[in-house]
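Data file: target-v2.cif. Format and content: mmCIF, C-alpha atoms.
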```cif
data_coords
#
loop_
_atom_site.label_atom_id
_atom_site.label_comp_id
_atom_site.auth_asym_id
_atom_site.auth_seq_id
_atom_site.Cartn_x
_atom_site.Cartn_y
_atom_site.Cartn_z
CA MET Z 269 1.90 -18.49 -32.42
CA LYS Z 270 0.03 -17.32 -29.35
CA LYS Z 271 0.27 -13.55 -28.88
CA LYS Z 272 1.92 -12.45 -25.67
CA LEU Z 273 -0.03 -10.71 -22.94
CA ARG Z 274 1.09 -7.11 -22.59
CA ILE Z 275 1.08 -5.93 -18.98
CA GLY Z 276 1.67 -2.29 -18.08
CA PHE Z 277 3.61 -2.03 -14.81
CA LEU Z 278 2.81 1.34 -13.23
CA HIS Z 279 5.53 2.35 -10.80
CA SER Z 280 7.67 5.14 -9.48
CA LEU Z 281 10.56 3.95 -7.33
CA ILE Z 282 11.37 0.26 -7.74
CA ARG Z 283 11.35 -1.20 -4.24
CA LYS Z 284 12.14 -4.80 -3.33
CA GLU Z 285 8.47 -5.69 -3.94
CA GLU Z 286 8.46 -4.27 -7.47
CA LYS Z 287 11.75 -6.02 -8.24
CA LEU Z 288 10.34 -9.37 -7.11
CA LEU Z 289 7.19 -8.86 -9.16
CA LEU Z 290 9.16 -7.89 -12.28
CA GLN Z 291 11.35 -10.99 -11.88
CA GLU Z 292 8.21 -13.14 -11.58
CA PHE Z 293 6.53 -11.53 -14.64
CA ARG Z 294 9.71 -11.93 -16.71
CA SER Z 295 9.95 -15.60 -15.78
CA ARG Z 296 6.68 -16.18 -17.69
CA SER Z 297 7.18 -16.91 -21.38
CA ASN Z 298 3.82 -15.53 -22.51
CA VAL Z 299 4.15 -12.06 -20.95
CA GLU Z 300 5.58 -8.79 -22.16
CA ILE Z 301 6.08 -6.09 -19.52
CA GLU Z 302 5.85 -2.40 -20.29
CA LEU Z 303 7.32 -0.29 -17.50
CA ILE Z 304 5.28 2.88 -16.92
CA ASP Z 305 7.04 5.34 -14.61
CA ASP Z 306 4.43 7.69 -13.13
CA ARG Z 307 7.06 10.44 -12.98
CA SER Z 308 7.26 10.65 -16.77
CA LEU Z 309 3.67 9.66 -17.54
CA THR Z 310 1.31 12.04 -19.37
CA PHE Z 311 -2.27 11.47 -20.47
CA THR Z 312 -4.35 13.23 -23.09
CA ILE Z 313 -7.88 13.09 -21.77
CA GLY Z 314 -10.19 11.20 -24.13
CA GLU Z 315 -7.41 9.43 -26.03
CA PRO Z 316 -6.19 5.84 -25.55
CA ALA Z 317 -3.32 5.65 -23.08
CA PHE Z 318 -1.27 2.52 -23.81
CA GLU Z 319 -1.51 -0.60 -25.96
CA VAL Z 320 -1.57 -3.03 -23.04
CA ASP Z 321 -3.98 -5.77 -21.99
CA ALA Z 322 -3.95 -4.71 -18.34
CA VAL Z 323 -2.12 -2.44 -15.92
CA VAL Z 324 -0.82 -3.58 -12.56
CA GLU Z 325 -0.47 -0.64 -10.20
CA ARG Z 326 2.65 -0.43 -7.99
CA SER Z 327 3.10 3.32 -7.50
CA ILE Z 328 4.46 4.50 -4.19
CA ASN Z 329 2.37 7.71 -4.37
CA HIS Z 330 -1.31 7.22 -3.61
CA SER Z 331 -2.42 10.37 -5.46
CA ARG Z 332 -0.61 9.43 -8.67
CA ALA Z 333 -1.84 5.83 -8.50
CA LEU Z 334 -5.42 6.90 -7.93
CA HIS Z 335 -5.61 9.35 -10.83
CA ALA Z 336 -3.60 7.20 -13.23
CA LEU Z 337 -5.91 4.24 -12.54
CA LYS Z 338 -8.94 6.39 -13.32
CA LEU Z 339 -7.46 7.50 -16.63
CA PHE Z 340 -6.30 4.01 -17.62
CA GLU Z 341 -9.75 2.61 -16.91
CA SER Z 342 -11.41 5.47 -18.81
CA SER Z 343 -9.42 4.44 -21.87
CA GLY Z 344 -10.69 0.88 -21.54
CA ILE Z 345 -7.72 -0.75 -19.81
CA SER Z 346 -8.31 -3.28 -17.05
CA CYS Z 347 -6.42 -2.33 -13.88
CA ILE Z 348 -5.27 -4.35 -10.90
CA ASN Z 349 -6.24 -3.05 -8.47
CA THR Z 350 -9.11 -0.97 -9.80
CA TYR Z 351 -9.60 2.76 -9.35
CA ARG Z 352 -12.55 2.04 -7.08
CA VAL Z 353 -10.43 -0.15 -4.81
CA ALA Z 354 -7.67 2.48 -4.69
CA SER Z 355 -10.14 5.20 -3.80
CA ILE Z 356 -11.72 3.13 -1.00
CA CYS Z 357 -8.45 1.82 0.47
CA GLY Z 358 -6.62 5.12 0.07
CA ASP Z 359 -9.05 6.90 2.37
CA LYS Z 360 -9.64 5.46 5.84
CA LEU Z 361 -13.05 7.09 6.06
CA LEU Z 362 -14.17 5.38 2.84
CA THR Z 363 -12.63 2.09 4.02
CA SER Z 364 -14.56 2.21 7.30
CA ASP Z 365 -17.73 3.07 5.41
CA ALA Z 366 -17.24 0.12 3.03
CA LEU Z 367 -16.49 -2.27 5.92
CA ALA Z 368 -19.64 -1.12 7.71
CA ALA Z 369 -21.72 -1.63 4.56
CA PHE Z 370 -20.60 -5.29 4.53
CA SER Z 371 -21.00 -5.69 8.32
CA ILE Z 372 -17.28 -6.40 8.79
CA PRO Z 373 -16.28 -5.98 12.47
CA GLN Z 374 -14.03 -2.95 13.00
CA PRO Z 375 -13.09 -0.64 15.89
CA GLU Z 376 -15.58 2.13 16.62
CA VAL Z 377 -14.92 5.06 14.28
CA ARG Z 378 -16.34 8.57 14.41
CA VAL Z 379 -15.79 11.34 11.91
CA ALA Z 380 -16.04 15.07 12.58
CA PHE Z 381 -15.33 18.21 10.58
CA THR Z 382 -14.48 20.82 13.22
CA GLU Z 383 -12.26 20.93 16.29
CA GLU Z 384 -15.29 21.36 18.56
CA SER Z 385 -17.31 18.47 17.16
CA ALA Z 386 -14.20 16.26 17.10
CA LEU Z 387 -13.58 16.98 20.78
CA GLN Z 388 -17.20 16.20 21.59
CA ALA Z 389 -16.97 12.90 19.67
CA ILE Z 390 -13.75 11.96 21.50
CA GLU Z 391 -15.29 12.73 24.90
CA GLU Z 392 -18.30 10.57 24.04
CA MET Z 393 -16.09 7.68 22.87
CA GLY Z 394 -13.87 7.79 25.95
CA TYR Z 395 -10.08 7.69 26.11
CA PRO Z 396 -7.81 6.57 24.60
CA VAL Z 397 -8.63 7.14 20.93
CA ILE Z 398 -6.46 7.32 17.82
CA LEU Z 399 -6.60 10.32 15.51
CA LYS Z 400 -5.56 9.36 12.00
CA PRO Z 401 -5.21 11.33 8.79
CA ALA Z 402 -7.88 9.91 6.46
CA VAL Z 403 -5.19 9.67 3.77
CA GLY Z 404 -1.82 8.44 4.96
CA SER Z 405 0.19 5.33 5.64
CA TRP Z 406 3.22 3.73 7.28
CA GLY Z 407 1.85 4.87 10.64
CA ARG Z 408 2.67 8.50 9.94
CA LEU Z 409 0.93 11.27 11.90
CA LEU Z 410 -1.10 8.89 14.03
CA SER Z 411 -1.87 10.35 17.45
CA LYS Z 412 -2.88 8.34 20.50
CA ILE Z 413 -5.04 10.64 22.59
CA ASN Z 414 -5.06 9.66 26.26
CA ASP Z 415 -6.92 12.58 27.84
CA ARG Z 416 -8.79 15.82 27.16
CA ASP Z 417 -5.65 17.95 27.37
CA SER Z 418 -3.92 16.06 24.60
CA ALA Z 419 -7.15 15.98 22.56
CA GLU Z 420 -7.46 19.77 22.65
CA SER Z 421 -3.79 20.22 21.84
CA VAL Z 422 -3.62 17.80 18.91
CA LEU Z 423 -6.91 19.00 17.42
CA GLU Z 424 -5.71 22.61 17.54
CA HIS Z 425 -2.36 21.68 15.97
CA LYS Z 426 -4.10 19.74 13.20
CA SER Z 427 -6.49 22.62 12.51
CA ILE Z 428 -3.79 25.26 12.31
CA LEU Z 429 -0.79 23.39 10.93
CA GLY Z 430 -2.47 20.61 8.97
CA SER Z 431 -3.13 20.64 5.26
CA TYR Z 432 -6.63 20.41 3.84
CA HIS Z 433 -7.26 16.73 4.44
CA HIS Z 434 -6.26 17.00 8.13
CA SER Z 435 -9.44 19.01 8.62
CA ILE Z 436 -11.41 15.77 8.34
CA PHE Z 437 -11.10 14.26 11.79
CA TYR Z 438 -11.04 10.46 11.65
CA ILE Z 439 -11.24 9.15 15.21
CA GLN Z 440 -10.83 5.48 16.01
CA LYS Z 441 -11.34 3.85 19.39
CA TYR Z 442 -7.98 2.59 20.68
CA ILE Z 443 -7.82 -1.20 20.75
CA GLU Z 444 -5.40 -2.84 23.17
CA LYS Z 445 -3.52 -5.22 20.88
CA HIS Z 446 -0.89 -6.43 23.37
CA GLY Z 447 2.05 -5.42 21.19
CA LYS Z 448 0.98 -7.04 17.96
CA ASP Z 449 -1.46 -6.96 15.09
CA ILE Z 450 -2.06 -9.16 12.07
CA ARG Z 451 -1.58 -8.47 8.40
CA SER Z 452 -3.24 -10.94 6.05
CA PHE Z 453 -2.70 -11.13 2.31
CA VAL Z 454 -5.70 -11.68 0.07
CA VAL Z 455 -5.39 -12.45 -3.63
CA GLY Z 456 -8.73 -12.79 -5.39
CA ASP Z 457 -10.96 -14.90 -3.17
CA LYS Z 458 -8.16 -16.54 -1.18
CA CYS Z 459 -6.23 -15.50 1.92
CA ILE Z 460 -2.77 -16.76 0.93
CA ALA Z 461 -0.76 -15.86 4.06
CA ALA Z 462 -0.70 -13.78 7.23
CA ILE Z 463 1.92 -12.35 9.55
CA TYR Z 464 2.05 -10.99 13.07
CA ARG Z 465 3.65 -7.57 13.39
CA LYS Z 466 5.13 -7.14 16.86
CA SER Z 467 6.44 -3.98 18.45
CA ASP Z 468 6.93 -2.46 21.89
CA HIS Z 469 5.38 0.70 20.41
CA TRP Z 470 1.60 0.95 19.98
CA ILE Z 471 2.19 1.55 16.26
CA THR Z 472 3.01 -1.84 14.73
CA ASN Z 473 3.83 -0.94 11.12
CA THR Z 474 6.91 -2.68 9.74
CA ALA Z 475 7.86 0.73 8.28
CA ARG Z 476 8.20 1.76 11.95
CA GLY Z 477 10.36 -1.19 12.92
CA ALA Z 478 7.81 -3.87 13.88
CA VAL Z 479 9.15 -7.44 13.72
CA THR Z 480 7.26 -10.00 11.64
CA SER Z 481 6.49 -13.66 12.25
CA ASN Z 482 4.18 -16.19 10.65
CA CYS Z 483 0.51 -16.13 11.62
CA PRO Z 484 -1.38 -19.34 10.84
CA VAL Z 485 -4.30 -18.70 8.48
CA THR Z 486 -7.27 -20.15 10.33
CA ASP Z 487 -10.71 -20.45 8.76
CA GLU Z 488 -11.89 -17.51 10.88
CA LEU Z 489 -8.97 -15.29 9.84
CA SER Z 490 -9.34 -16.29 6.20
CA ASP Z 491 -13.07 -15.61 6.25
CA ILE Z 492 -12.87 -12.10 7.68
CA SER Z 493 -9.87 -11.22 5.51
CA VAL Z 494 -11.57 -12.26 2.29
CA ARG Z 495 -14.80 -10.52 3.30
CA ALA Z 496 -12.91 -7.31 4.12
CA ALA Z 497 -11.11 -7.47 0.78
CA LYS Z 498 -14.43 -7.94 -1.02
CA ALA Z 499 -15.91 -5.00 0.89
CA ALA Z 500 -13.08 -2.84 -0.46
CA GLY Z 501 -13.79 -4.00 -4.00
CA GLY Z 502 -11.58 -7.10 -4.20
CA GLY Z 503 -8.31 -7.84 -5.93
CA ILE Z 504 -4.84 -7.96 -4.37
CA LEU Z 505 -5.16 -6.59 -0.87
CA ALA Z 506 -3.48 -6.62 2.53
CA VAL Z 507 -5.82 -6.53 5.51
CA ASP Z 508 -4.67 -5.25 8.91
CA LEU Z 509 -6.51 -6.78 11.86
CA PHE Z 510 -6.60 -6.65 15.62
CA GLU Z 511 -7.08 -9.86 17.57
CA THR Z 512 -9.42 -9.20 20.51
CA ASP Z 513 -11.28 -11.34 23.04
CA GLY Z 514 -14.42 -10.70 21.00
CA GLY Z 515 -12.85 -11.81 17.71
CA TYR Z 516 -11.03 -10.07 14.90
CA LEU Z 517 -11.49 -6.39 14.06
CA VAL Z 518 -10.40 -5.01 10.69
CA ASN Z 519 -8.26 -1.92 11.04
CA GLU Z 520 -7.27 -1.08 7.47
CA VAL Z 521 -7.18 -2.50 3.95
CA ASN Z 522 -4.15 -1.73 1.74
CA TYR Z 523 -4.24 -1.78 -2.05
CA THR Z 524 -0.55 -1.56 -3.06
CA MET Z 525 0.59 -4.07 -0.55
CA GLU Z 526 4.14 -4.36 0.68
CA PHE Z 527 5.28 -7.92 1.31
CA LYS Z 528 9.08 -8.08 1.27
CA ASN Z 529 9.22 -8.92 5.00
CA SER Z 530 6.52 -11.56 4.70
CA ILE Z 531 7.81 -14.07 2.14
CA SER Z 532 10.48 -15.79 4.21
CA VAL Z 533 8.45 -15.83 7.46
CA THR Z 534 5.35 -17.31 5.82
CA GLY Z 535 7.10 -19.51 3.26
CA VAL Z 536 4.53 -18.31 0.71
CA ASN Z 537 5.67 -17.09 -2.71
CA ILE Z 538 3.53 -13.95 -2.63
CA PRO Z 539 4.81 -12.51 -5.96
CA GLU Z 540 3.86 -15.75 -7.72
CA HIS Z 541 0.29 -15.54 -6.40
CA ILE Z 542 0.03 -11.88 -7.41
CA VAL Z 543 1.35 -12.47 -10.93
CA ASN Z 544 -0.98 -15.45 -11.43
CA TYR Z 545 -3.94 -13.29 -10.44
CA VAL Z 546 -2.86 -10.38 -12.68
CA LEU Z 547 -2.42 -12.67 -15.68
CA ASP Z 548 -5.79 -14.36 -15.10
CA THR Z 549 -7.46 -10.95 -14.91
CA ALA Z 550 -5.63 -9.73 -18.01
CA TYR Z 551 -6.60 -12.87 -19.99
CA LYS Z 552 -10.24 -12.42 -19.07
CA ALA Z 553 -10.14 -8.73 -19.99
CA LYS Z 554 -8.49 -9.50 -23.32
CA HIS Z 555 -11.04 -12.17 -24.24
CA GLU Z 556 -13.95 -9.95 -23.25
CA LYS Z 557 -12.64 -7.28 -25.63
CA ASN Z 558 -12.15 -9.70 -28.54
CA MET P 25 28.63 -6.80 -12.11
CA GLU P 26 28.96 -3.03 -12.89
CA GLN P 27 30.78 -0.68 -10.53
CA VAL P 28 29.34 2.76 -9.89
CA ILE P 29 30.21 5.53 -7.44
CA CYS P 30 27.98 6.62 -4.56
CA PRO P 31 27.03 10.27 -5.28
CA VAL P 32 27.11 11.03 -1.55
CA CYS P 33 30.37 9.46 -0.28
CA ASP P 34 32.21 8.31 -3.45
CA ALA P 35 32.25 4.68 -2.32
CA ASP P 36 32.28 1.94 -4.98
CA ILE P 37 28.92 0.20 -5.37
CA GLY P 38 28.46 -3.04 -7.31
CA LEU P 39 25.29 -3.37 -9.41
CA GLN P 40 23.75 -6.64 -10.58
CA ASN P 41 23.06 -7.07 -14.28
CA ASP P 42 19.30 -7.05 -13.73
CA THR P 43 19.32 -3.62 -12.02
CA GLU P 44 16.25 -1.59 -13.03
CA LYS P 45 15.90 2.12 -13.68
CA GLY P 46 14.09 3.54 -10.64
CA GLU P 47 15.43 0.84 -8.32
CA LEU P 48 16.28 1.76 -4.75
CA LEU P 49 19.47 0.68 -3.02
CA ASP P 50 21.47 1.59 0.06
CA CYS P 51 25.13 2.58 0.03
CA ASP P 52 26.92 0.13 2.36
CA ASP P 53 29.49 2.79 3.28
CA CYS P 54 27.43 5.89 4.14
CA GLY P 55 23.94 4.36 4.40
CA SER P 56 22.40 6.82 1.93
CA GLU P 57 19.30 5.66 0.11
CA LEU P 58 19.98 5.89 -3.62
CA GLU P 59 17.96 5.56 -6.80
CA ILE P 60 19.15 4.17 -10.13
CA THR P 61 18.32 7.04 -12.48
CA GLY P 62 19.74 5.46 -15.63
CA VAL P 63 20.86 2.02 -16.82
CA ASN P 64 22.71 2.70 -20.06
CA PRO P 65 25.08 3.86 -18.71
CA TYR P 66 24.27 3.34 -15.03
CA ALA P 67 23.58 6.53 -13.09
CA LEU P 68 22.83 7.05 -9.41
CA ALA P 69 21.26 9.88 -7.43
CA GLU P 70 20.04 10.32 -3.88
CA ALA P 71 16.54 8.83 -3.57
CA PRO P 72 13.64 11.28 -3.21
CA GLN P 73 12.49 12.12 0.30
CA THR P 74 9.32 10.45 1.58
CA GLU P 75 6.20 12.32 0.51
CA GLU P 76 2.96 12.64 2.44
CA ASP P 77 1.00 10.19 0.30
CA TRP P 78 3.68 7.51 0.09
CA GLY P 79 2.91 4.04 1.30
CA GLU P 80 0.31 1.39 0.85
#
```

Let's see the structure in the file written out as C-alpha cells.
Amino acid sequence: MKKKLRIGFLHSLIRKEEKLLLQEFRSRSNVEIELIDDRSLTFTIGEPAFEVDAVVERSINHSRALHALKLFESSGISCINTYRVASICGDKLLTSDALAAFSIPQPEVRVAFTEESALQAIEEMGYPVILKPAVGSWGRLLSKINDRDSAESVLEHKSILGSYHHSIFYIQKYIEKHGKDIRSFVVGDKCIAAIYRKSDHWITNTARGAVTSNCPVTDELSDISVRAAKAAGGGILAVDLFETDGGYLVNEVNYTMEFKNSISVTGVNIPEHIVNYVLDTAYKAKHEKN
Amino acid sequence: MEQVICPVCDADIGLQNDTEKGELLDCDDCGSELEITGVNPYALAEAPQTEEDWGE
C-alpha cells in the first residue's frame, strides 16, 4: 500500500483561509495532515523537528513564520513557501531589491536611515510619497505625505515613537491608482486568478474594507505576476500591482496569501491549486530524499 | 452541531462538527471575535488582539 504523504500545517489562528486549505487537504486520500500550532511549538537547535514530508506555512505572525521556516529547513524539511521567500516578502526593502534585480517595474523607492536623509530623499522625489514600515501588512501605519510639513512631522514621530524597524525609512513614490489596485495569485509558474480591490480611500487593502471584483488575467498581467513571484523566490504568492498608463507596476509580493474574498469573485478554486502545488512539491522532496 | 456559550455576552453559539482548535469565529449577538481554544470539550475565548507583524 502506498504510504501517505505527511504534511505539516504550520499555523496559529485558523482563519477562513486555513479552514478551506485543511478541508482541501483532508479531501485527498493520500495525505495525512499534522497541525503545528506556532504558539506551542518548540525547537531544539540541531535536532530533527518533525517527521513530515513537507511543511506548508500559514502562520499569521510573520516573525514566527520566518524563524520556524528557517529551523524546519535546517532540519531537512521542505517548506512551502521557503524561508528565503518569507524573508524577501516579509520585508518591503528586500522585496523592492529583489524586484529590481529581476528588472520588474515598480514605483520609485528610496531608503534612508535618518530623519534628515529621509527628508532629503522625499524632497528629491517630490510629493506625494508613501512612508511604509519595511515590515508590516494590512495597510497598517502607511503614511501618505503630501507636503514638507507632514514629512517633517511623520518622520519625527516615527523616530521618537517608532520601534527599531521604523528607523529604516522606506519611501515609495505615490502612484495615482484611481481607487483600485490589482491582486494576482501565482501558484508555481502560473497566475491562476486576479482581483481588483476598490476603495474610496487611497489604501486599498481588503483588511481596510476594499471591495473585490474579478480582474481578467491577461497575458501581460500573467507575465509580470509570474516574473514578480519568481523574483521573490517563487512558490505560492500574491502580487499587488498598480495599473498605470505606462503599464503595470508591482507594489508588493505576499507569501502567506489571504484569498477568502477572492474565490467567489474569480470562480477559481484557489485552495485546490495551492494544495496541488504543495503535494507536488512534497512528492518531489520525498523522492529526492529516498 | 454543538452549543457553546460566548465568553463575552453569554449568547448561545452553534459549532459545526468540523470546528478546529485555533479557529476564529464571530459571536452573532455581541460581535466579539472569538477563538476555539479546545475541541474536546469545546472551549472558547476572546481572540488575541492584532499584533504588529500580523498579516500576509

From (23.3, -3.0, -18.8), in the file's coordinates, out to 10 Å: which residues are reached, counting only C-alpha atoms? Answer as a count of residues only. 13

Could you please select, counting only C-alpha atoms, the residues of chain Z within 8 Å of chain P and state them as a ChimeraX atom specification?
-> /Z:280-284,287,328-331,358,403-406,522-526

For this session: Mind giving me the straight-line distance from CA of Ile443 in chain Z to CA of His469 in chain Z in Å, one decimal?
Result: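 So the answer is 13.3 Å.
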
**Study point:** Separation of CA of Arg332 in chain Z from CA of Leu288 in chain Z in Å
**Key:**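 Distance reported for this atom pair: 21.8 Å.
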
Find the spatial neighbours of range 535-548 of chain Z, counting only C-alpha atoms, within a cut-off of 9 Å - ignore same-chain residues fewer than 4 positions away - and output them as an mmCIF file with C-alpha atoms, in the frame of the given file.
```cif
data_model
loop_
_atom_site.group_PDB
_atom_site.id
_atom_site.type_symbol
_atom_site.label_atom_id
_atom_site.label_comp_id
_atom_site.auth_asym_id
_atom_site.auth_seq_id
_atom_site.Cartn_x
_atom_site.Cartn_y
_atom_site.Cartn_z
ATOM 1 C CA LEU Z 273 -0.030 -10.710 -22.940
ATOM 2 C CA ILE Z 275 1.080 -5.930 -18.980
ATOM 3 C CA GLU Z 285 8.470 -5.690 -3.940
ATOM 4 C CA LEU Z 288 10.340 -9.370 -7.110
ATOM 5 C CA LEU Z 289 7.190 -8.860 -9.160
ATOM 6 C CA LEU Z 290 9.160 -7.890 -12.280
ATOM 7 C CA GLN Z 291 11.350 -10.990 -11.880
ATOM 8 C CA GLU Z 292 8.210 -13.140 -11.580
ATOM 9 C CA PHE Z 293 6.530 -11.530 -14.640
ATOM 10 C CA VAL Z 299 4.150 -12.060 -20.950
ATOM 11 C CA ALA Z 322 -3.950 -4.710 -18.340
ATOM 12 C CA VAL Z 323 -2.120 -2.440 -15.920
ATOM 13 C CA VAL Z 324 -0.820 -3.580 -12.560
ATOM 14 C CA CYS Z 347 -6.420 -2.330 -13.880
ATOM 15 C CA ILE Z 348 -5.270 -4.350 -10.900
ATOM 16 C CA PHE Z 453 -2.700 -11.130 2.310
ATOM 17 C CA VAL Z 455 -5.390 -12.450 -3.630
ATOM 18 C CA GLY Z 456 -8.730 -12.790 -5.390
ATOM 19 C CA ILE Z 460 -2.770 -16.760 0.930
ATOM 20 C CA ALA Z 461 -0.760 -15.860 4.060
ATOM 21 C CA ASN Z 482 4.180 -16.190 10.650
ATOM 22 C CA GLY Z 503 -8.310 -7.840 -5.930
ATOM 23 C CA ILE Z 504 -4.840 -7.960 -4.370
ATOM 24 C CA PHE Z 527 5.280 -7.920 1.310
ATOM 25 C CA LYS Z 528 9.080 -8.080 1.270
ATOM 26 C CA SER Z 530 6.520 -11.560 4.700
ATOM 27 C CA ILE Z 531 7.810 -14.070 2.140
ATOM 28 C CA LYS Z 552 -10.240 -12.420 -19.070
ATOM 29 C CA ALA Z 553 -10.140 -8.730 -19.990
#
```

Any chance you could work out the residue set of the PyMOL selection byres ((chain Z and resi 459) around 12) here, as a PDB file with C-alpha atoms, in the coordinates of the input?
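Saved the output as part26.pdb:
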```
ATOM      1  CA  ARG Z 451      -1.580  -8.470   8.400  1.00  0.00           C
ATOM      2  CA  SER Z 452      -3.240 -10.940   6.050  1.00  0.00           C
ATOM      3  CA  PHE Z 453      -2.700 -11.130   2.310  1.00  0.00           C
ATOM      4  CA  VAL Z 454      -5.700 -11.680   0.070  1.00  0.00           C
ATOM      5  CA  VAL Z 455      -5.390 -12.450  -3.630  1.00  0.00           C
ATOM      6  CA  GLY Z 456      -8.730 -12.790  -5.390  1.00  0.00           C
ATOM      7  CA  ASP Z 457     -10.960 -14.900  -3.170  1.00  0.00           C
ATOM      8  CA  LYS Z 458      -8.160 -16.540  -1.180  1.00  0.00           C
ATOM      9  CA  ILE Z 460      -2.770 -16.760   0.930  1.00  0.00           C
ATOM     10  CA  ALA Z 461      -0.760 -15.860   4.060  1.00  0.00           C
ATOM     11  CA  ALA Z 462      -0.700 -13.780   7.230  1.00  0.00           C
ATOM     12  CA  ILE Z 463       1.920 -12.350   9.550  1.00  0.00           C
ATOM     13  CA  CYS Z 483       0.510 -16.130  11.620  1.00  0.00           C
ATOM     14  CA  PRO Z 484      -1.380 -19.340  10.840  1.00  0.00           C
ATOM     15  CA  VAL Z 485      -4.300 -18.700   8.480  1.00  0.00           C
ATOM     16  CA  THR Z 486      -7.270 -20.150  10.330  1.00  0.00           C
ATOM     17  CA  ASP Z 487     -10.710 -20.450   8.760  1.00  0.00           C
ATOM     18  CA  GLU Z 488     -11.890 -17.510  10.880  1.00  0.00           C
ATOM     19  CA  LEU Z 489      -8.970 -15.290   9.840  1.00  0.00           C
ATOM     20  CA  SER Z 490      -9.340 -16.290   6.200  1.00  0.00           C
ATOM     21  CA  ASP Z 491     -13.070 -15.610   6.250  1.00  0.00           C
ATOM     22  CA  ILE Z 492     -12.870 -12.100   7.680  1.00  0.00           C
ATOM     23  CA  SER Z 493      -9.870 -11.220   5.510  1.00  0.00           C
ATOM     24  CA  VAL Z 494     -11.570 -12.260   2.290  1.00  0.00           C
ATOM     25  CA  ARG Z 495     -14.800 -10.520   3.300  1.00  0.00           C
ATOM     26  CA  ALA Z 496     -12.910  -7.310   4.120  1.00  0.00           C
ATOM     27  CA  ALA Z 497     -11.110  -7.470   0.780  1.00  0.00           C
ATOM     28  CA  LYS Z 498     -14.430  -7.940  -1.020  1.00  0.00           C
ATOM     29  CA  GLY Z 502     -11.580  -7.100  -4.200  1.00  0.00           C
ATOM     30  CA  GLY Z 503      -8.310  -7.840  -5.930  1.00  0.00           C
ATOM     31  CA  ILE Z 504      -4.840  -7.960  -4.370  1.00  0.00           C
ATOM     32  CA  LEU Z 505      -5.160  -6.590  -0.870  1.00  0.00           C
ATOM     33  CA  ALA Z 506      -3.480  -6.620   2.530  1.00  0.00           C
ATOM     34  CA  VAL Z 507      -5.820  -6.530   5.510  1.00  0.00           C
ATOM     35  CA  VAL Z 536       4.530 -18.310   0.710  1.00  0.00           C
ATOM     36  CA  ILE Z 538       3.530 -13.950  -2.630  1.00  0.00           C
ATOM     37  CA  HIS Z 541       0.290 -15.540  -6.400  1.00  0.00           C
ATOM     38  CA  ILE Z 542       0.030 -11.880  -7.410  1.00  0.00           C
TER      39      ILE Z 542
END
```

Notebook entry, point to check: How many Å separate CA of Ala366 in chain Z from CA of Gln388 in chain Z?
Noted result: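 One can read the CA of Ala366 in chain Z to CA of Gln388 in chain Z distance as 24.6 Å.
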
So that I can check the surroundings of Cys33 in chain P, please list as a PyMOL selection string every protein, DNA and RNA residue that reaches within 12 Å of it, counting all atoms listed in the file and ignoring chain neighbours fewer than 4 positions away. chain P and resi 28-29+37+50-58+69-70

task: Please write the residues picked by the PyMOL selection byres ((chain Z and resi 317) around 8) on this file as a ChimeraX atom specification.
output: /Z:311-312,315-316,318-319,339-340,343

message = Quick one: residues within 12 Å of Ile390 in chain Z, all atoms listed in the file, excluding same-chain residues fewer than 2 positions away - as a VMD selection string?
response = chain Z and resid 376 to 380 383 to 388 392 to 399 412 to 420 422 to 423 437 to 442

| request: Taking the file as shown, find all residues satisfying the PyMOL selection byres ((chain Z and resi 353) around 8) and write them as an MDAnalysis selection string. | output: chainID Z and resid 349:352 354:357 500:502 523

Would you mind exporting the chosen residues as a short mmCIF file (atom, residue, chain, number, x, y, z; two decimals), keeping the file's coordinate frame, restricted to C-alpha atoms?
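And here is the file that came out, result_28.cif:
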```
data_model
loop_
_atom_site.label_atom_id
_atom_site.label_comp_id
_atom_site.auth_asym_id
_atom_site.auth_seq_id
_atom_site.Cartn_x
_atom_site.Cartn_y
_atom_site.Cartn_z
CA ASN Z 349 -6.24 -3.05 -8.47
CA THR Z 350 -9.11 -0.97 -9.80
CA TYR Z 351 -9.60 2.76 -9.35
CA ARG Z 352 -12.55 2.04 -7.08
CA ALA Z 354 -7.67 2.48 -4.69
CA SER Z 355 -10.14 5.20 -3.80
CA ILE Z 356 -11.72 3.13 -1.00
CA CYS Z 357 -8.45 1.82 0.47
CA ALA Z 500 -13.08 -2.84 -0.46
CA GLY Z 501 -13.79 -4.00 -4.00
CA GLY Z 502 -11.58 -7.10 -4.20
CA TYR Z 523 -4.24 -1.78 -2.05
#
```
